[in-house]
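For reference, the structure discussed in these notes is given below.
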Amino acid sequence: MKRKINILEVSPRDGLQSEKTIVSTENKLALIKRAIAAGLKRIEVTSFVNPKRVPQMADAEELVRALPRRDDVSYAGLVLNYRGFERARALNIDEVGCVVVASETFNRRNQGAEIRQTLKDWKRLAEDAHAAGIKPQMTIAASFGCPYEGEVPVQQVINIAKEIAESRPAEIALADTIGVAGPSQVTDLVAALKAELPDIPLRCHFHNSRNTGIANAYAAVMAGVETLDASIGGIGGCPFAPNATGNIATDDLLYMLNRMGVEAGVDLEKIIETSLWLETVLDKPVPSQVAKSGIFPPVAQP
């Protein structure tokens with residue numbers, strides 16, 4: 001396949017947010033610099049949220065101020081409300097990622113508001129982001145299933161996406177926040193959204209809670225999704241979703257793409273090295289299978 005897939009690296013934010021041991025700003029910077037050295041060009045570096053709810057992200061301002069500024073790298077910060085956006089805007093971050101959850105119960109738990117209010121806030125935020133030269137993008141969380149309400153109707157996701165699209169998002173992401181999707185669901189939902197919103201770039205965000213994450217990533221690639229989220233080592237999970245385990249591993253995703261002949265522009269060897277380094281930082285193994293098994297065919301030694 002002669003295609004290119006872009007990767008949004010989420011390990012500094014989504015990957016670390018649920019870790020109980022606070023990772024130092026110095027190590028977060030080291031992780032980001034390693035990701036850049038491996039060839040990653042879009043990195044979700046932090047979230048501008050209440051540090052009492054997500055203590056791991058308490059150093060958001062300090063971290064963003066210390067980032068190496070490069071014309072070829074885009075840094076994204078997650079914001080859940082306008083106050084978070086104001087913090088991000090003050091730092092002149094490249095992108096702000098916003099979230100609405102596809103179910104009312106989960107949206108209230110995650111955002112502290114009804115879906116209607118979250119979408120209203122998004123419109124104001126997106127307008128001001130455009131005015132500030134910041135790219136606003138929106139994720140529809142729990143697009144494939146909710147831990148509180150169960151199955152999420154496809155039409156519910158479509159309706160939310162159409163309302164998001166009115167504010168000219170840089171992209172819309174479909175997130176399997178709790179890792180319940182199967183490949184056919186991914187194929188169907190991506191096709192439905194492409195039919196309704198053909199001019200909006202789509203991104204997908206998968207968790208591997210039930211070991212279907214890479215299969216779902218494959219389905220997204222085949223369905224024509226432009227960008228996939230992944231986390232070095234496969235670390236991560238949503239602190240507000242019960243039993244939500246890690247994101248798909250950047251290592252495992254790259255291995256699959258390489259074997260498919262799909263270009264991502266990222267050095268898999270360097271990503272594996274970073275996964276093994278992360279194990280020393282977190283003092284535990286990371287979930288990535290390729291980090292354990294290695295590359296095939298084996299890399300020739302000089």
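For the structure tokens, the naming scheme is as follows: chains receive sequential letters (A, B, ...) according to their order of presentation, residues are indexed from 1 within each chain, and ligands are indexed from 1 in presentation order.
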What's the 12 Å shell around Arg124 in chain A, counting only C-alpha atoms, without same-chain residues fewer than 5 positions away, as an mmCIF file with N, CA and C atoms, in the first residue's frame?
```cif
data_model
loop_
_atom_site.group_PDB
_atom_site.id
_atom_site.type_symbol
_atom_site.label_atom_id
_atom_site.label_comp_id
_atom_site.auth_asym_id
_atom_site.auth_seq_id
_atom_site.Cartn_x
_atom_site.Cartn_y
_atom_site.Cartn_z
ATOM 1 N N ASN A 81 -12.486 22.859 29.036
ATOM 2 C CA ASN A 81 -13.388 24.003 29.218
ATOM 3 C C ASN A 81 -12.661 25.269 28.793
ATOM 4 N N TYR A 82 -13.362 26.381 28.879
ATOM 5 C CA TYR A 82 -12.775 27.632 28.387
ATOM 6 C C TYR A 82 -11.610 28.094 29.245
ATOM 7 N N ARG A 83 -11.688 27.828 30.530
ATOM 8 C CA ARG A 83 -10.560 28.193 31.403
ATOM 9 C C ARG A 83 -9.296 27.451 30.971
ATOM 10 N N PHE A 85 -8.667 26.449 27.975
ATOM 11 C CA PHE A 85 -8.252 27.072 26.720
ATOM 12 C C PHE A 85 -7.480 28.359 26.980
ATOM 13 N N GLU A 86 -7.925 29.164 27.922
ATOM 14 C CA GLU A 86 -7.223 30.412 28.227
ATOM 15 C C GLU A 86 -5.794 30.136 28.678
ATOM 16 N N CYS A 98 -10.097 19.407 22.131
ATOM 17 C CA CYS A 98 -11.277 19.457 22.990
ATOM 18 C C CYS A 98 -11.971 18.092 22.957
ATOM 19 N N GLN A 117 -24.228 21.633 26.564
ATOM 20 C CA GLN A 117 -23.385 22.697 27.084
ATOM 21 C C GLN A 117 -21.953 22.572 26.567
ATOM 22 N N THR A 118 -21.442 21.340 26.499
ATOM 23 C CA THR A 118 -20.082 21.127 25.995
ATOM 24 C C THR A 118 -19.959 21.604 24.555
ATOM 25 N N LEU A 119 -20.961 21.323 23.738
ATOM 26 C CA LEU A 119 -20.923 21.757 22.341
ATOM 27 C C LEU A 119 -21.068 23.276 22.218
ATOM 28 N N ALA A 129 -10.020 30.253 19.240
ATOM 29 C CA ALA A 129 -8.780 29.577 18.842
ATOM 30 C C ALA A 129 -8.388 29.988 17.429
ATOM 31 N N HIS A 130 -9.350 29.982 16.515
ATOM 32 C CA HIS A 130 -9.068 30.417 15.142
ATOM 33 C C HIS A 130 -8.514 31.843 15.142
ATOM 34 N N ALA A 131 -9.113 32.707 15.954
ATOM 35 C CA ALA A 131 -8.671 34.106 16.004
ATOM 36 C C ALA A 131 -7.246 34.226 16.536
ATOM 37 N N PRO A 136 -7.991 24.333 16.472
ATOM 38 C CA PRO A 136 -8.880 23.606 17.381
ATOM 39 C C PRO A 136 -9.300 22.265 16.765
ATOM 40 N N ILE A 164 -20.215 19.799 15.628
ATOM 41 C CA ILE A 164 -18.803 20.194 15.765
ATOM 42 C C ILE A 164 -18.310 20.840 14.476
ATOM 43 N N GLU A 166 -19.608 22.624 12.309
ATOM 44 C CA GLU A 166 -20.039 23.999 12.044
ATOM 45 C C GLU A 166 -18.986 25.022 12.459
ATOM 46 N N SER A 167 -18.100 24.627 13.376
ATOM 47 C CA SER A 167 -17.082 25.559 13.892
ATOM 48 C C SER A 167 -15.703 25.341 13.281
ATOM 49 N N ARG A 168 -15.641 24.667 12.144
ATOM 50 C CA ARG A 168 -14.420 24.506 11.360
ATOM 51 C C ARG A 168 -13.275 23.869 12.159
#
```
DSSP strand (DSSP E) selection over range 96-247 of chain A, as a list in words: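 Matching residues, listed in order: Val96, Gly97, Cys98, Val99, Val100, Val101, Lys135, Pro136, Gln137, Met138, Thr139, Ile140, Ala141, Ile172, Ala173, Leu174, Ala175, Asp176, Leu202, Arg203, Cys204, His205, Phe206, Thr227, Leu228, Asp229 and Ala230 of chain A.
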Output for the residues just chosen: N, CA and C atoms as a PDB file, in the first residue's frame:
```
ATOM      1  N   VAL A  96      -5.185  22.994  20.221  1.00  0.00           N
ATOM      2  CA  VAL A  96      -5.948  22.626  21.408  1.00  0.00           C
ATOM      3  C   VAL A  96      -6.901  21.502  21.041  1.00  0.00           C
ATOM      4  N   GLY A  97      -6.859  20.461  21.841  1.00  0.00           N
ATOM      5  CA  GLY A  97      -7.749  19.337  21.638  1.00  0.00           C
ATOM      6  C   GLY A  97      -8.885  19.396  22.639  1.00  0.00           C
ATOM      7  N   CYS A  98     -10.097  19.407  22.131  1.00  0.00           N
ATOM      8  CA  CYS A  98     -11.277  19.457  22.990  1.00  0.00           C
ATOM      9  C   CYS A  98     -11.971  18.092  22.957  1.00  0.00           C
ATOM     10  N   VAL A  99     -12.844  17.869  23.925  1.00  0.00           N
ATOM     11  CA  VAL A  99     -13.513  16.569  24.037  1.00  0.00           C
ATOM     12  C   VAL A  99     -14.991  16.759  24.333  1.00  0.00           C
ATOM     13  N   VAL A 100     -15.806  15.986  23.630  1.00  0.00           N
ATOM     14  CA  VAL A 100     -17.205  15.789  24.011  1.00  0.00           C
ATOM     15  C   VAL A 100     -17.412  14.279  24.026  1.00  0.00           C
ATOM     16  N   VAL A 101     -18.164  13.812  24.996  1.00  0.00           N
ATOM     17  CA  VAL A 101     -18.408  12.375  25.095  1.00  0.00           C
ATOM     18  C   VAL A 101     -19.741  12.063  24.436  1.00  0.00           C
ATOM     19  N   LYS A 135      -4.894  25.872  16.226  1.00  0.00           N
ATOM     20  CA  LYS A 135      -5.771  24.913  15.563  1.00  0.00           C
ATOM     21  C   LYS A 135      -6.657  24.223  16.601  1.00  0.00           C
ATOM     22  N   PRO A 136      -7.991  24.333  16.472  1.00  0.00           N
ATOM     23  CA  PRO A 136      -8.880  23.606  17.381  1.00  0.00           C
ATOM     24  C   PRO A 136      -9.300  22.265  16.765  1.00  0.00           C
ATOM     25  N   GLN A 137      -9.163  21.190  17.523  1.00  0.00           N
ATOM     26  CA  GLN A 137      -9.649  19.894  17.059  1.00  0.00           C
ATOM     27  C   GLN A 137     -10.491  19.272  18.172  1.00  0.00           C
ATOM     28  N   MET A 138     -11.402  18.425  17.767  1.00  0.00           N
ATOM     29  CA  MET A 138     -12.375  17.877  18.720  1.00  0.00           C
ATOM     30  C   MET A 138     -12.407  16.361  18.650  1.00  0.00           C
ATOM     31  N   THR A 139     -12.415  15.738  19.830  1.00  0.00           N
ATOM     32  CA  THR A 139     -12.552  14.291  19.953  1.00  0.00           C
ATOM     33  C   THR A 139     -13.937  13.943  20.476  1.00  0.00           C
ATOM     34  N   ILE A 140     -14.573  12.978  19.825  1.00  0.00           N
ATOM     35  CA  ILE A 140     -15.832  12.437  20.341  1.00  0.00           C
ATOM     36  C   ILE A 140     -15.469  11.166  21.100  1.00  0.00           C
ATOM     37  N   ALA A 141     -15.415  11.285  22.409  1.00  0.00           N
ATOM     38  CA  ALA A 141     -15.027  10.157  23.257  1.00  0.00           C
ATOM     39  C   ALA A 141     -16.166   9.144  23.355  1.00  0.00           C
ATOM     40  N   ILE A 172     -11.744  15.958  13.318  1.00  0.00           N
ATOM     41  CA  ILE A 172     -12.595  15.318  14.319  1.00  0.00           C
ATOM     42  C   ILE A 172     -12.025  13.932  14.576  1.00  0.00           C
ATOM     43  N   ALA A 173     -11.908  13.590  15.853  1.00  0.00           N
ATOM     44  CA  ALA A 173     -11.380  12.273  16.225  1.00  0.00           C
ATOM     45  C   ALA A 173     -12.490  11.418  16.817  1.00  0.00           C
ATOM     46  N   LEU A 174     -12.480  10.156  16.451  1.00  0.00           N
ATOM     47  CA  LEU A 174     -13.385   9.169  17.031  1.00  0.00           C
ATOM     48  C   LEU A 174     -12.586   8.351  18.038  1.00  0.00           C
ATOM     49  N   ALA A 175     -12.993   8.371  19.293  1.00  0.00           N
ATOM     50  CA  ALA A 175     -12.227   7.694  20.331  1.00  0.00           C
ATOM     51  C   ALA A 175     -12.981   6.498  20.884  1.00  0.00           C
ATOM     52  N   ASP A 176     -12.287   5.359  20.920  1.00  0.00           N
ATOM     53  CA  ASP A 176     -12.798   4.167  21.610  1.00  0.00           C
ATOM     54  C   ASP A 176     -12.207   4.196  23.015  1.00  0.00           C
ATOM     55  N   LEU A 202     -10.438  13.081   9.470  1.00  0.00           N
ATOM     56  CA  LEU A 202     -10.794  12.217  10.588  1.00  0.00           C
ATOM     57  C   LEU A 202      -9.547  11.610  11.218  1.00  0.00           C
ATOM     58  N   ARG A 203      -9.614  11.470  12.535  1.00  0.00           N
ATOM     59  CA  ARG A 203      -8.554  10.830  13.317  1.00  0.00           C
ATOM     60  C   ARG A 203      -9.212   9.779  14.180  1.00  0.00           C
ATOM     61  N   CYS A 204      -8.492   8.716  14.522  1.00  0.00           N
ATOM     62  CA  CYS A 204      -9.040   7.702  15.419  1.00  0.00           C
ATOM     63  C   CYS A 204      -8.119   7.474  16.603  1.00  0.00           C
ATOM     64  N   HIS A 205      -8.731   7.177  17.727  1.00  0.00           N
ATOM     65  CA  HIS A 205      -8.024   7.003  18.996  1.00  0.00           C
ATOM     66  C   HIS A 205      -8.532   5.704  19.620  1.00  0.00           C
ATOM     67  N   PHE A 206      -7.631   4.714  19.705  1.00  0.00           N
ATOM     68  CA  PHE A 206      -8.046   3.396  20.187  1.00  0.00           C
ATOM     69  C   PHE A 206      -7.317   3.002  21.470  1.00  0.00           C
ATOM     70  N   THR A 227      -5.203  10.067  10.293  1.00  0.00           N
ATOM     71  CA  THR A 227      -4.320  10.143  11.464  1.00  0.00           C
ATOM     72  C   THR A 227      -4.789   9.173  12.537  1.00  0.00           C
ATOM     73  N   LEU A 228      -3.824   8.557  13.210  1.00  0.00           N
ATOM     74  CA  LEU A 228      -4.123   7.674  14.325  1.00  0.00           C
ATOM     75  C   LEU A 228      -3.366   8.147  15.566  1.00  0.00           C
ATOM     76  N   ASP A 229      -4.031   8.094  16.711  1.00  0.00           N
ATOM     77  CA  ASP A 229      -3.367   8.342  17.987  1.00  0.00           C
ATOM     78  C   ASP A 229      -2.668   7.073  18.436  1.00  0.00           C
ATOM     79  N   ALA A 230      -1.529   7.234  19.090  1.00  0.00           N
ATOM     80  CA  ALA A 230      -0.837   6.088  19.671  1.00  0.00           C
ATOM     81  C   ALA A 230       0.049   6.598  20.791  1.00  0.00           C
TER      82      ALA A 230
END
```
Considering only C-alpha atoms, return as a list of chain:residue names whatever protein or nucleic-acid residues lie within 8 Å of range 193-198 of chain A, sequence-local ones (same chain, fewer than 2 positions apart) excluded.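 These residues fall inside the cut-off: A:Ile158, A:Ala161, A:Lys162, A:Ala165, A:Leu189, A:Val190, A:Ala191, A:Ile200, A:Pro201.
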Could you save those same residues with N, CA and C atoms as a compact mmCIF listing (two decimals), in the first residue's frame?
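So result_14.txt came out as:
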```
# COMPACT_ATOMS: atom_id res chain seq x y z
N ILE A 158 -22.91 10.82 14.77
CA ILE A 158 -23.03 11.65 13.56
C ILE A 158 -23.60 13.02 13.89
N ALA A 161 -21.00 15.10 15.57
CA ALA A 161 -19.95 15.48 14.62
C ALA A 161 -20.42 16.61 13.71
N LYS A 162 -21.66 16.56 13.27
CA LYS A 162 -22.18 17.61 12.39
C LYS A 162 -22.22 18.95 13.10
N ALA A 165 -18.68 20.25 13.34
CA ALA A 165 -18.17 20.69 12.04
C ALA A 165 -18.55 22.13 11.71
N LEU A 189 -18.58 3.27 11.11
CA LEU A 189 -18.70 4.63 11.63
C LEU A 189 -17.86 5.60 10.81
N VAL A 190 -16.66 5.20 10.43
CA VAL A 190 -15.83 6.06 9.59
C VAL A 190 -16.52 6.33 8.25
N ALA A 191 -17.08 5.30 7.65
CA ALA A 191 -17.78 5.47 6.37
C ALA A 191 -18.96 6.41 6.51
N ILE A 200 -14.03 17.08 6.27
CA ILE A 200 -13.41 17.15 7.59
C ILE A 200 -12.42 16.00 7.77
N PRO A 201 -11.15 16.27 8.04
CA PRO A 201 -10.20 15.19 8.29
C PRO A 201 -10.60 14.40 9.55
```
If you count only C-alpha atoms, which residues fall within 6 Å of Ala264 in chain A, apart from same-chain ones fewer than 3 positions away, as an mmCIF file with C-alpha atoms, in the first residue's frame?
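part16.cif was written with the following content:
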```
data_model
loop_
_atom_site.group_PDB
_atom_site.id
_atom_site.type_symbol
_atom_site.label_atom_id
_atom_site.label_comp_id
_atom_site.auth_asym_id
_atom_site.auth_seq_id
_atom_site.Cartn_x
_atom_site.Cartn_y
_atom_site.Cartn_z
ATOM 1 C CA LYS A 4 1.002 7.660 4.476
ATOM 2 C CA ILE A 5 -0.519 7.638 7.950
ATOM 3 C CA ASN A 6 0.137 10.436 10.418
#
```
Show me, as a short mmCIF file (atom, residue, chain, number, x, y, z; two decimals) with C-alpha atoms, in the first residue's frame, the residues that have an atom within 10 Å of Thr25 in chain A when counting only C-alpha atoms, minus same-chain residues fewer than 4 positions from it.
```
data_model
loop_
_atom_site.label_atom_id
_atom_site.label_comp_id
_atom_site.auth_asym_id
_atom_site.auth_seq_id
_atom_site.Cartn_x
_atom_site.Cartn_y
_atom_site.Cartn_z
CA LEU A 29 10.56 16.64 28.37
CA ALA A 30 12.94 13.74 27.77
CA LEU A 31 10.02 11.65 26.49
CA GLN A 56 0.00 14.20 36.75
CA MET A 57 -0.79 17.28 34.62
CA ALA A 58 -0.10 19.89 37.32
CA ASP A 59 3.06 21.07 35.52
CA ALA A 60 1.32 21.95 32.24
CA GLU A 62 6.12 24.66 33.13
CA LEU A 63 6.30 21.84 30.58
CA VAL A 64 5.00 23.84 27.62
CA ALA A 66 10.30 24.33 28.28
#
```
Interatomic distance (Å, one decimal) between CA of Ile36 in chain A and CA of Val73 in chain A: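 Computed distance, CA of Ile36 in chain A to CA of Val73 in chain A, equals 7.7 Å.
If you measure from each of A:Pro51, A:Pro287, A:Pro183, A:Gly236 to Leu16 in chain A using only C-alpha atoms, the closest one turns out to be A:Gly236.
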